[in-house]
>>> print(open('query.json').read())   # JSON, C-alpha atoms
[["chain", "number", "residue", "atom", "x", "y", "z"],
["A", 1310, "ASN", "CA", 45.45, -129.64, -45.49],
["A", 1311, "MET", "CA", 42.07, -128.51, -46.74],
["A", 1312, "TRP", "CA", 40.03, -125.57, -45.51],
["A", 1313, "ILE", "CA", 36.26, -125.65, -46.01],
["A", 1314, "ILE", "CA", 33.74, -122.88, -45.60],
["A", 1315, "HIS", "CA", 30.01, -123.54, -45.53],
["A", 1316, "GLN", "CA", 27.32, -121.17, -46.72],
["A", 1317, "ASN", "CA", 26.14, -120.63, -43.13],
["A", 1318, "GLY", "CA", 29.60, -119.31, -42.10],
["A", 1319, "ILE", "CA", 30.99, -122.39, -40.34],
["A", 1320, "PHE", "CA", 34.56, -123.02, -41.46],
["A", 1321, "GLU", "CA", 36.73, -126.06, -40.80],
["A", 1322, "LYS", "CA", 40.17, -127.54, -41.31],
["A", 1323, "LEU", "CA", 40.44, -131.08, -42.71],
["A", 1324, "ASP", "CA", 43.64, -133.01, -41.98],
["A", 1325, "ARG", "CA", 44.89, -134.49, -45.26],
["A", 1326, "SER", "CA", 46.36, -137.65, -43.68],
["A", 1327, "THR", "CA", 43.50, -138.63, -41.38],
["A", 1328, "LEU", "CA", 40.60, -137.00, -43.25],
["A", 1329, "GLN", "CA", 39.36, -135.78, -39.89],
["A", 1330, "ILE", "CA", 38.14, -132.30, -39.00],
["A", 1331, "VAL", "CA", 40.81, -130.92, -36.65],
["A", 1332, "PHE", "CA", 39.43, -127.40, -36.25],
["A", 1333, "ARG", "CA", 36.01, -125.83, -36.55],
["A", 1334, "SER", "CA", 34.97, -122.21, -36.01],
["A", 1335, "TYR", "CA", 31.50, -120.73, -35.59],
["A", 1336, "ALA", "CA", 32.76, -117.14, -35.47],
["A", 1337, "LEU", "CA", 31.35, -116.12, -38.87],
["A", 1338, "HIS", "CA", 28.22, -118.19, -38.32],
["A", 1339, "ASP", "CA", 27.51, -116.41, -35.05],
["A", 1340, "ARG", "CA", 28.39, -112.96, -36.38],
["A", 1341, "PHE", "CA", 25.79, -113.23, -39.16],
["A", 1342, "HIS", "CA", 23.35, -115.45, -37.21],
["A", 1343, "GLY", "CA", 23.73, -118.35, -39.64],
["A", 1344, "GLN", "CA", 22.68, -116.36, -42.71],
["A", 1345, "VAL", "CA", 23.48, -118.10, -45.99],
["A", 1346, "PHE", "CA", 26.10, -116.38, -48.18],
["A", 1347, "ASP", "CA", 28.17, -117.52, -51.15],
["A", 1348, "TYR", "CA", 31.52, -117.45, -49.36],
["A", 1349, "ASN", "CA", 34.89, -117.86, -51.03],
["A", 1350, "LEU", "CA", 38.26, -118.42, -49.42],
["A", 1351, "MET", "CA", 41.95, -118.14, -50.24],
["A", 1352, "VAL", "CA", 44.76, -119.73, -48.22],
["A", 1353, "ASP", "CA", 47.98, -117.73, -48.36],
["A", 1354, "ALA", "CA", 51.62, -118.84, -48.14],
["A", 1355, "ASP", "CA", 51.50, -118.71, -44.31],
["A", 1356, "SER", "CA", 48.48, -121.06, -44.25],
["A", 1357, "ASP", "CA", 46.31, -118.16, -43.11],
["A", 1358, "VAL", "CA", 42.80, -117.99, -44.52],
["A", 1359, "TRP", "CA", 41.05, -115.08, -46.24],
["A", 1360, "MET", "CA", 37.25, -115.40, -46.43],
["A", 1361, "PHE", "CA", 34.97, -113.16, -48.43],
["A", 1362, "SER", "CA", 31.71, -112.85, -50.29],
["A", 1363, "ASP", "CA", 30.33, -110.33, -52.72],
["A", 1364, "ARG", "CA", 27.92, -109.24, -50.01],
["A", 1365, "ASN", "CA", 28.50, -105.85, -48.48],
["A", 1366, "PHE", "CA", 30.74, -106.80, -45.53],
["A", 1367, "GLY", "CA", 34.38, -106.75, -46.71],
["A", 1368, "CYS", "CA", 36.56, -109.74, -45.89],
["A", 1369, "PHE", "CA", 37.82, -111.73, -42.91],
["A", 1370, "TYR", "CA", 41.40, -112.75, -42.15],
["A", 1371, "PHE", "CA", 41.97, -115.86, -40.02],
["A", 1372, "ASN", "CA", 45.42, -116.34, -38.46],
["A", 1373, "SER", "CA", 45.84, -120.13, -38.39],
["A", 1374, "ALA", "CA", 48.52, -119.93, -35.67],
["A", 1375, "THR", "CA", 46.75, -117.65, -33.18],
["A", 1376, "ARG", "CA", 43.21, -118.49, -34.43],
["A", 1377, "GLU", "CA", 42.37, -114.80, -34.39],
["A", 1378, "LEU", "CA", 39.66, -113.64, -36.81],
["A", 1379, "VAL", "CA", 40.07, -110.07, -38.11],
["A", 1380, "HIS", "CA", 37.30, -108.26, -39.96],
["A", 1381, "MET", "CA", 38.41, -105.84, -42.67],
["A", 1382, "ASN", "CA", 36.03, -103.34, -44.26],
["A", 1383, "ARG", "CA", 35.65, -99.62, -44.90],
["A", 1384, "ASP", "CA", 35.33, -98.87, -41.17],
["A", 1385, "SER", "CA", 37.93, -101.23, -39.71],
["A", 1386, "LYS", "CA", 41.45, -100.52, -38.48],
["A", 1387, "VAL", "CA", 42.83, -102.34, -41.51],
["A", 1388, "ARG", "CA", 40.72, -100.29, -43.89],
["A", 1389, "LEU", "CA", 39.46, -101.39, -47.30],
["A", 1390, "ASN", "CA", 38.01, -98.83, -49.68],
["A", 1391, "SER", "CA", 35.05, -101.03, -50.67],
["A", 1392, "ASN", "CA", 32.96, -103.53, -48.72],
["A", 1393, "ILE", "CA", 32.19, -105.68, -51.77],
["A", 1394, "VAL", "CA", 35.11, -108.10, -52.28],
["A", 1395, "LYS", "CA", 35.15, -110.15, -55.49],
["A", 1396, "LYS", "CA", 38.55, -111.92, -55.54],
["A", 1397, "VAL", "CA", 41.68, -112.35, -53.38],
["A", 1398, "VAL", "CA", 45.14, -113.50, -54.54],
["A", 1399, "GLN", "CA", 48.69, -113.32, -53.15],
["A", 1400, "ASP", "CA", 51.64, -112.18, -55.26],
["A", 1401, "ASP", "CA", 55.21, -113.48, -55.23],
["A", 1402, "GLN", "CA", 56.25, -110.87, -52.65],
["A", 1403, "GLY", "CA", 53.55, -112.03, -50.23],
["A", 1404, "ILE", "CA", 51.28, -109.02, -50.78],
["A", 1405, "ILE", "CA", 47.56, -109.78, -50.60],
["A", 1406, "TRP", "CA", 45.56, -108.38, -53.51],
["A", 1407, "VAL", "CA", 41.89, -107.75, -52.64],
["A", 1408, "GLY", "CA", 39.84, -107.04, -55.76],
["A", 1409, "THR", "CA", 36.65, -105.11, -55.07],
["A", 1410, "GLU", "CA", 33.53, -103.71, -56.68],
["A", 1411, "ASN", "CA", 34.02, -99.99, -57.38],
["A", 1412, "GLY", "CA", 37.06, -99.82, -55.10],
["A", 1413, "GLY", "CA", 39.84, -101.10, -57.34],
["A", 1414, "VAL", "CA", 42.46, -103.28, -55.68],
["A", 1415, "ASN", "CA", 43.47, -103.06, -52.02],
["A", 1416, "LEU", "CA", 47.06, -104.22, -51.44],
["A", 1417, "ILE", "CA", 47.62, -105.57, -47.93],
["A", 1418, "ASP", "CA", 51.15, -106.03, -46.60],
["A", 1419, "LYS", "CA", 50.92, -108.65, -43.84],
["A", 1420, "ASN", "CA", 54.04, -107.15, -42.24],
["A", 1421, "GLY", "CA", 52.18, -104.48, -40.26],
["A", 1422, "PHE", "CA", 48.95, -104.83, -42.26],
["A", 1423, "HIS", "CA", 49.41, -101.61, -44.17],
["A", 1424, "VAL", "CA", 46.95, -101.04, -47.01],
["A", 1425, "SER", "CA", 47.59, -99.24, -50.29],
["A", 1426, "ASN", "CA", 45.23, -98.90, -53.25],
["A", 1427, "LEU", "CA", 45.38, -99.39, -56.99],
["A", 1428, "LEU", "CA", 42.72, -97.27, -58.68],
["A", 1429, "ASN", "CA", 41.75, -96.04, -62.10],
["A", 1430, "ASP", "CA", 43.02, -92.60, -63.03],
["A", 1431, "GLU", "CA", 41.16, -91.25, -66.05],
["A", 1432, "GLU", "CA", 44.14, -89.07, -66.95],
["A", 1433, "ASP", "CA", 46.63, -91.97, -66.81],
["A", 1434, "ASP", "CA", 46.16, -94.69, -69.44],
["A", 1435, "ARG", "CA", 48.70, -96.88, -67.60],
["A", 1436, "SER", "CA", 46.65, -97.02, -64.40],
["A", 1437, "LEU", "CA", 44.09, -99.70, -63.53],
["A", 1438, "SER", "CA", 41.54, -99.69, -66.35],
["A", 1439, "GLU", "CA", 38.43, -100.01, -64.16],
["A", 1440, "ASN", "CA", 37.67, -100.02, -60.41],
["A", 1441, "SER", "CA", 35.31, -103.03, -60.51],
["A", 1442, "ILE", "CA", 37.39, -106.23, -60.50],
["A", 1443, "HIS", "CA", 35.61, -109.48, -61.42],
["A", 1444, "ALA", "CA", 38.55, -111.86, -61.96],
["A", 1445, "MET", "CA", 42.17, -112.09, -60.74],
["A", 1446, "PHE", "CA", 44.86, -114.62, -61.63],
["A", 1447, "LYS", "CA", 48.60, -114.97, -60.93],
["A", 1448, "ASP", "CA", 50.48, -116.69, -63.74],
["A", 1449, "SER", "CA", 53.71, -118.73, -63.69],
["A", 1450, "GLU", "CA", 55.85, -115.59, -64.09],
["A", 1451, "GLY", "CA", 54.23, -113.84, -61.13],
["A", 1452, "ILE", "CA", 52.18, -111.48, -63.30],
["A", 1453, "ILE", "CA", 48.79, -110.55, -61.84],
["A", 1454, "TRP", "CA", 45.99, -110.47, -64.41],
["A", 1455, "LEU", "CA", 42.83, -108.52, -63.55],
["A", 1456, "GLY", "CA", 39.58, -108.93, -65.44],
["A", 1457, "THR", "CA", 37.36, -105.90, -65.08],
["A", 1458, "TYR", "CA", 33.70, -105.11, -65.51],
["A", 1459, "LYS", "CA", 33.30, -104.13, -69.18],
["A", 1460, "ASN", "CA", 36.69, -102.41, -69.44],
["A", 1461, "GLY", "CA", 39.13, -105.09, -70.48],
["A", 1462, "ILE", "CA", 42.17, -106.59, -68.78],
["A", 1463, "SER", "CA", 44.90, -104.98, -66.72],
["A", 1464, "TYR", "CA", 48.06, -106.82, -65.78],
["A", 1465, "TYR", "CA", 50.88, -106.05, -63.37],
["A", 1466, "HIS", "CA", 54.36, -107.30, -62.51],
["A", 1467, "GLN", "CA", 56.86, -105.95, -60.01],
["A", 1468, "ASN", "CA", 59.20, -105.07, -62.89],
["A", 1469, "ILE", "CA", 56.39, -103.17, -64.65],
["A", 1470, "PHE", "CA", 55.85, -100.05, -62.60],
["A", 1471, "ARG", "CA", 52.34, -99.42, -63.88],
["A", 1472, "PHE", "CA", 49.52, -101.43, -65.32],
["A", 1473, "ARG", "CA", 49.40, -102.37, -68.95],
["A", 1474, "ILE", "CA", 45.87, -102.52, -70.28],
["A", 1475, "TYR", "CA", 44.24, -104.67, -72.92],
["A", 1476, "LYS", "CA", 40.82, -103.47, -73.98],
["A", 1477, "HIS", "CA", 38.49, -103.63, -76.94],
["A", 1478, "GLN", "CA", 38.87, -100.74, -79.36],
["A", 1479, "ARG", "CA", 36.59, -100.64, -82.39],
["A", 1480, "SER", "CA", 39.17, -98.75, -84.42],
["A", 1481, "LYS", "CA", 41.81, -101.45, -83.79],
["A", 1482, "PRO", "CA", 40.88, -104.90, -85.21],
["A", 1483, "GLY", "CA", 43.70, -106.62, -83.30],
["A", 1484, "SER", "CA", 42.63, -105.36, -79.86],
["A", 1485, "LEU", "CA", 41.00, -107.44, -77.11],
["A", 1486, "PRO", "CA", 37.72, -108.69, -78.64],
["A", 1487, "PHE", "CA", 35.55, -108.26, -75.53],
["A", 1488, "ASN", "CA", 35.89, -106.27, -72.31],
["A", 1489, "ASP", "CA", 33.79, -108.08, -69.66],
["A", 1490, "ILE", "CA", 36.05, -110.75, -68.12],
["A", 1491, "ASN", "CA", 35.14, -113.71, -65.86],
["A", 1492, "ALA", "CA", 38.05, -116.20, -65.81],
["A", 1493, "PHE", "CA", 41.67, -116.93, -66.74],
["A", 1494, "ALA", "CA", 43.83, -120.01, -67.35],
["A", 1495, "GLU", "CA", 47.47, -120.37, -68.48],
["A", 1496, "ASP", "CA", 48.69, -123.04, -70.92],
["A", 1497, "GLN", "CA", 52.05, -124.82, -71.08],
["A", 1498, "HIS", "CA", 53.47, -122.11, -73.36],
["A", 1499, "GLY", "CA", 52.59, -119.30, -70.93],
["A", 1500, "ASN", "CA", 49.74, -118.05, -73.09],
["A", 1501, "ILE", "CA", 46.45, -117.02, -71.50],
["A", 1502, "TRP", "CA", 42.91, -118.28, -72.05],
["A", 1503, "ILE", "CA", 40.27, -115.70, -71.15],
["A", 1504, "GLY", "CA", 36.63, -116.44, -70.34],
["A", 1505, "THR", "CA", 34.25, -113.56, -70.97],
["A", 1506, "ASN", "CA", 30.77, -112.63, -69.82],
["A", 1507, "GLY", "CA", 29.02, -112.86, -73.18],
["A", 1508, "GLY", "CA", 31.90, -112.58, -75.65],
["A", 1509, "GLY", "CA", 32.92, -116.23, -75.74],
["A", 1510, "LEU", "CA", 36.44, -117.57, -75.21],
["A", 1511, "ILE", "CA", 39.61, -115.67, -76.08],
["A", 1512, "TYR", "CA", 43.16, -117.00, -76.54],
["A", 1513, "PHE", "CA", 45.96, -114.51, -75.98],
["A", 1514, "ASN", "CA", 49.29, -115.40, -77.60],
["A", 1515, "ARG", "CA", 51.84, -113.46, -75.61],
["A", 1516, "ALA", "CA", 54.67, -114.08, -78.09],
["A", 1517, "ASP", "CA", 53.04, -112.21, -80.96],
["A", 1518, "ASN", "CA", 50.56, -110.18, -78.87],
["A", 1519, "THR", "CA", 47.47, -111.46, -80.70],
["A", 1520, "PHE", "CA", 43.97, -112.50, -79.64],
["A", 1521, "THR", "CA", 41.93, -115.36, -81.10],
["A", 1522, "LYS", "CA", 38.20, -115.44, -80.36],
["A", 1523, "TYR", "CA", 35.98, -118.52, -80.11],
["A", 1524, "VAL", "CA", 32.21, -118.04, -79.98],
["A", 1525, "HIS", "CA", 29.02, -120.06, -80.06],
["A", 1526, "ASN", "CA", 27.70, -120.90, -83.51],
["A", 1527, "PRO", "CA", 24.14, -122.34, -83.42],
["A", 1528, "ALA", "CA", 24.78, -124.11, -86.74],
["A", 1529, "ASP", "CA", 27.98, -125.82, -85.55],
["A", 1530, "GLN", "CA", 27.81, -128.46, -82.80],
["A", 1531, "SER", "CA", 31.62, -128.44, -82.53],
["A", 1532, "SER", "CA", 31.69, -124.75, -81.58],
["A", 1533, "LEU", "CA", 31.65, -123.30, -78.06],
["A", 1534, "SER", "CA", 28.27, -124.11, -76.45],
["A", 1535, "ASN", "CA", 27.66, -120.69, -74.85],
["A", 1536, "ASN", "CA", 29.34, -117.29, -74.91],
["A", 1537, "VAL", "CA", 29.16, -116.77, -71.14],
["A", 1538, "VAL", "CA", 32.28, -118.53, -69.80],
["A", 1539, "VAL", "CA", 32.54, -118.70, -66.00],
["A", 1540, "SER", "CA", 35.34, -121.23, -65.31],
["A", 1541, "LEU", "CA", 38.46, -122.58, -67.02],
["A", 1542, "LEU", "CA", 40.91, -125.43, -66.38],
["A", 1543, "ILE", "CA", 43.87, -126.82, -68.32],
["A", 1544, "ASP", "CA", 44.38, -130.48, -67.34],
["A", 1545, "HIS", "CA", 47.43, -132.77, -67.21],
["A", 1546, "GLU", "CA", 47.12, -133.46, -70.96],
["A", 1547, "ASN", "CA", 46.92, -129.73, -71.75],
["A", 1548, "ILE", "CA", 43.26, -130.09, -72.66],
["A", 1549, "LEU", "CA", 41.18, -126.98, -71.96],
["A", 1550, "TRP", "CA", 37.91, -127.45, -70.05],
["A", 1551, "ILE", "CA", 35.36, -124.64, -70.15],
["A", 1552, "GLY", "CA", 32.48, -124.15, -67.73],
["A", 1553, "THR", "CA", 29.63, -122.05, -69.07],
["A", 1554, "TYR", "CA", 26.38, -120.45, -67.96],
["A", 1555, "TYR", "CA", 23.51, -122.58, -69.33],
["A", 1556, "GLY", "CA", 25.87, -124.20, -71.83],
["A", 1557, "GLY", "CA", 27.26, -127.05, -69.74],
["A", 1558, "LEU", "CA", 30.88, -128.19, -69.89],
["A", 1559, "ASN", "CA", 33.11, -127.92, -72.98],
["A", 1560, "ARG", "CA", 36.32, -129.78, -73.84],
["A", 1561, "TYR", "CA", 38.70, -128.16, -76.31],
["A", 1562, "ASP", "CA", 41.68, -130.05, -77.75],
["A", 1563, "GLY", "CA", 42.89, -127.31, -80.09],
["A", 1564, "LYS", "CA", 40.67, -128.40, -82.98],
["A", 1565, "LYS", "CA", 37.06, -128.64, -81.84],
["A", 1566, "PHE", "CA", 34.80, -128.21, -78.82],
["A", 1567, "VAL", "CA", 33.08, -131.26, -77.36],
["A", 1568, "ARG", "CA", 29.99, -130.48, -75.27],
["A", 1569, "TYR", "CA", 28.76, -132.17, -72.10],
["A", 1570, "VAL", "CA", 25.25, -131.14, -71.11],
["A", 1571, "HIS", "CA", 22.49, -132.27, -68.79],
["A", 1572, "ASP", "CA", 20.19, -134.95, -70.22],
["A", 1573, "PRO", "CA", 17.16, -135.68, -68.00],
["A", 1574, "ALA", "CA", 16.92, -139.16, -69.54],
["A", 1575, "ASN", "CA", 20.53, -140.04, -68.65],
["A", 1576, "PRO", "CA", 21.38, -140.12, -64.91],
["A", 1577, "ARG", "CA", 25.11, -140.26, -65.76],
["A", 1578, "SER", "CA", 25.05, -137.06, -67.80],
["A", 1579, "LEU", "CA", 26.20, -133.68, -66.46],
["A", 1580, "GLY", "CA", 24.06, -132.79, -63.44],
["A", 1581, "ASP", "CA", 23.59, -129.08, -64.26],
["A", 1582, "ASP", "CA", 24.42, -126.88, -67.26],
["A", 1583, "ASN", "CA", 25.88, -124.07, -65.12],
["A", 1584, "VAL", "CA", 29.48, -125.07, -64.34],
["A", 1585, "TRP", "CA", 30.96, -122.60, -61.84],
["A", 1586, "GLU", "CA", 34.24, -124.33, -60.91],
["A", 1587, "ILE", "CA", 36.49, -127.04, -62.42],
["A", 1588, "ARG", "CA", 39.31, -128.90, -60.66],
["A", 1589, "GLU", "CA", 41.37, -132.00, -61.55],
["A", 1590, "ASP", "CA", 42.38, -134.53, -58.89],
["A", 1591, "SER", "CA", 45.41, -136.87, -58.73],
["A", 1592, "ASN", "CA", 43.46, -139.61, -60.54],
["A", 1593, "HIS", "CA", 42.66, -137.16, -63.35],
["A", 1594, "ASN", "CA", 38.96, -137.02, -62.52],
["A", 1595, "LEU", "CA", 37.30, -133.64, -62.98],
["A", 1596, "TRP", "CA", 35.38, -132.13, -60.07],
["A", 1597, "LEU", "CA", 32.71, -129.66, -61.14],
["A", 1598, "GLY", "CA", 30.98, -127.15, -58.91],
["A", 1599, "THR", "CA", 27.59, -126.29, -60.40],
["A", 1600, "LEU", "CA", 25.07, -123.54, -59.76],
["A", 1601, "LYS", "CA", 22.06, -125.75, -59.04],
["A", 1602, "GLY", "CA", 23.16, -129.40, -59.19],
["A", 1603, "GLY", "CA", 25.74, -129.72, -56.40],
["A", 1604, "VAL", "CA", 29.12, -131.30, -57.17],
["A", 1605, "ASP", "CA", 29.72, -133.54, -60.18],
["A", 1606, "VAL", "CA", 32.72, -135.82, -60.69],
["A", 1607, "TYR", "CA", 33.52, -136.76, -64.28],
["A", 1608, "ASP", "CA", 35.10, -140.19, -64.81],
["A", 1609, "ARG", "CA", 36.88, -139.89, -68.14],
["A", 1610, "LYS", "CA", 37.47, -143.63, -68.62],
["A", 1611, "LYS", "CA", 33.74, -144.39, -68.31],
["A", 1612, "ASN", "CA", 32.58, -141.05, -69.75],
["A", 1613, "GLU", "CA", 30.17, -140.73, -66.83],
["A", 1614, "PHE", "CA", 29.27, -138.05, -64.30],
["A", 1615, "TYR", "CA", 28.64, -138.90, -60.65],
["A", 1616, "HIS", "CA", 26.58, -136.51, -58.57],
["A", 1617, "TYR", "CA", 26.88, -135.29, -54.98],
["A", 1618, "ARG", "CA", 23.90, -133.26, -53.88],
["A", 1619, "SER", "CA", 22.52, -131.94, -50.65],
["A", 1620, "GLY", "CA", 20.08, -134.44, -49.15],
["A", 1621, "ASP", "CA", 21.39, -137.52, -50.97]]
>>> encode(input="query.json", output="structure tokens")
Amino acid sequence: NMWIIHQNGIFEKLDRSTLQIVFRSYALHDRFHGQVFDYNLMVDADSDVWMFSDRNFGCFYFNSATRELVHMNRDSKVRLNSNIVKKVVQDDQGIIWVGTENGGVNLIDKNGFHVSNLLNDEEDDRSLSENSIHAMFKDSEGIIWLGTYKNGISYYHQNIFRFRIYKHQRSKPGSLPFNDINAFAEDQHGNIWIGTNGGGLIYFNRADNTFTKYVHNPADQSSLSNNVVVSLLIDHENILWIGTYYGGLNRYDGKKFVRYVHDPANPRSLGDDNVWEIREDSNHNLWLGTLKGGVDVYDRKKNEFYHYRSGD
């Protein structure tokens, strides 16, 4: 099924077979009096829903069986150590990872809802590299990748007792090229694409432990269109799609970047040059969540974008 959360706090469950709304809750809407927030949600392996925003109120856990809504923050019974939640993922053992601003990672065990913390220790170079987490991703091997604010990448696996850290070091040419991380994607070989906040696109080859950097070149139209990368997707053909901030959408086939940007004279061009999310559906259309232009759907056969906007 599909869970939907609206900016005013109303959240709903859509039945996949009937396409009907089978549950709707106004609990968050009423709690915040309909205020508009940029909510995110994550559905865990038990079909329970975790809802959060980078506003200063922590996160909410919704038990889909009992329909109980539990608020978690710095003052709650299930206590987080920061009220600003950036990302939530679940690992292969069922533990909920709550990445926060200035509070590291809160690990929540749903069996008893015990909370433990992963934090930076300046005296331990194998601890979390930074306490502000801006991106989290679980790869096909169960490794959790954490992109931090200006301090590189930490990654964790249950068989690795502490974090390993990748970070930029001027004295080491082969180190991570840029430390401010926004997004991750994994290719068919298990290698990792990394979107940065101003440092372009980075490819990490895990076999030989090397980084390759791709950046915008104003003199080259086949280069990356913008160095602020906010979303990544690898499609069914192993093509990499890159959403940027004010650089539109990029397609990378391993040789060159093809750009898709907004053209006011073409109603079937990309609706907005800020591409926040990218998803591929079963018909291989791309669904794009933009910052200002609503939702775009890209029809590859026709090379056209169709727009869904509020008020249309």
>>> residues_around(input="query.json", residues="Lys1565 (chain A)", least_positions_apart="6", cutoff="9 Å", atoms="all atoms listed in the file", output="list in words")
Ser1531, Ser1532 and Leu1533 of chain A
>>> closest_atom_pairs(input="query.json", of="region 1349-1445 of chain A", to="region 1503-1508 of chain A", cutoff="12 Å", atoms="all atoms listed in the file", output="JSON lines")
{"residue": "A:His1443", "atom": "CA", "partner": "A:Asn1506", "partner_atom": "CA", "distance": 10.2}
{"residue": "A:Ala1444", "atom": "CA", "partner": "A:Gly1504", "partner_atom": "CA", "distance": 9.7}
{"residue": "A:Met1445", "atom": "CA", "partner": "A:Ile1503", "partner_atom": "CA", "distance": 11.2}
>>> closest_residue(input="query.json", among="A:Asn1594, A:Asn1426, A:Asn1491, A:Ser1578", to="Phe1614 (chain A)", atoms="all atoms listed in the file")
A:Ser1578
>>> atom_distance(input="query.json", atom1="CA of Tyr1370 (chain A)", atom2="CA of Asn1310 (chain A)")
17.7 Å
>>> residues_around(input="query.json", residues="Thr1553 (chain A)", least_positions_apart="4", cutoff="7 Å", atoms="all atoms listed in the file", output="PyMOL selection string")
chain A and resi 1535+1537-1540+1557-1558+1583-1584
>>> atom_distance(input="query.json", atom1="CA of Val1567 (chain A)", atom2="CA of Asp1448 (chain A)")
26.5 Å
>>> residues_around(input="query.json", residues="region 1342-1346 of chain A", least_positions_apart="6", cutoff="7 Å", atoms="all atoms listed in the file", output="PyMOL selection string")
chain A and resi 1316-1318+1362
>>> closest_residue(input="query.json", among="A:Ala1354, A:Ile1462, A:Ile1417, A:Leu1437", to="Asp1401 (chain A)", atoms="all atoms listed in the file")
A:Ala1354
>>> atom_distance(input="query.json", atom1="CA of Arg1588 (chain A)", atom2="CA of Ile1319 (chain A)")
22.9 Å
>>> closest_residue(input="query.json", among="A:Glu1546, A:Asn1526, A:Tyr1348, A:Ser1356", to="Thr1375 (chain A)", atoms="all atoms listed in the file")
A:Ser1356
>>> closest_residue(input="query.json", among="A:Asn1372, A:Gln1329, A:Asn1592, A:Thr1521", to="Asp1355 (chain A)", atoms="all atoms listed in the file")
A:Asn1372
>>> residues_around(input="query.json", residues="Arg1618 (chain A)", least_positions_apart="4", cutoff="9 Å", atoms="only C-alpha atoms", output="number ranges by chain")
A: 1602-1605
>>> axis_aligned_box(input="query.json", around="region 1581-1591 of chain A", padding_each_side="6 Å", output="AutoDock Vina command-line options")
--center_x 34.5 --center_y -129.7 --center_z -63.0 --size_x 33.8 --size_y 26.3 --size_z 20.5
>>> residues_near_point(input="query.json", point="(46.9, -120.0, -64.1)", cutoff="9 Å", atoms="all atoms listed in the file", output="PyMOL selection string")
chain A and resi 1446-1449+1493-1496+1499+1501+1542-1543
>>> residues_near_point(input="query.json", point="(40.4, -112.8, -39.0)", cutoff="8 Å", atoms="all atoms listed in the file", output="PyMOL selection string")
chain A and resi 1358-1359+1369-1372+1376-1380
>>> write_last_selection(input="query.json", atoms="C-alpha atoms", output="PDB file, in the coordinates of the input")
ATOM      1  CA  VAL A1358      42.800-117.990 -44.520  1.00  0.00           C
ATOM      2  CA  TRP A1359      41.050-115.080 -46.240  1.00  0.00           C
ATOM      3  CA  PHE A1369      37.820-111.730 -42.910  1.00  0.00           C
ATOM      4  CA  TYR A1370      41.400-112.750 -42.150  1.00  0.00           C
ATOM      5  CA  PHE A1371      41.970-115.860 -40.020  1.00  0.00           C
ATOM      6  CA  ASN A1372      45.420-116.340 -38.460  1.00  0.00           C
ATOM      7  CA  ARG A1376      43.210-118.490 -34.430  1.00  0.00           C
ATOM      8  CA  GLU A1377      42.370-114.800 -34.390  1.00  0.00           C
ATOM      9  CA  LEU A1378      39.660-113.640 -36.810  1.00  0.00           C
ATOM     10  CA  VAL A1379      40.070-110.070 -38.110  1.00  0.00           C
ATOM     11  CA  HIS A1380      37.300-108.260 -39.960  1.00  0.00           C
TER      12      HIS A1380
END
>>> closest_residue(input="query.json", among="A:Ile1587, A:Ala1528, A:Ile1452, A:Leu1428", to="Ala1492 (chain A)", atoms="all atoms listed in the file")
A:Ile1587
>>> closest_residue(input="query.json", among="A:Leu1389, A:Val1397, A:Cys1368, A:Ile1314", to="Asn1415 (chain A)", atoms="all atoms listed in the file")
A:Leu1389
>>> residues_around(input="query.json", residues="Gly1563 (chain A)", least_positions_apart="2", cutoff="9 Å", atoms="all atoms listed in the file", output="ChimeraX atom specification")
/A:1548-1549,1561,1565-1566
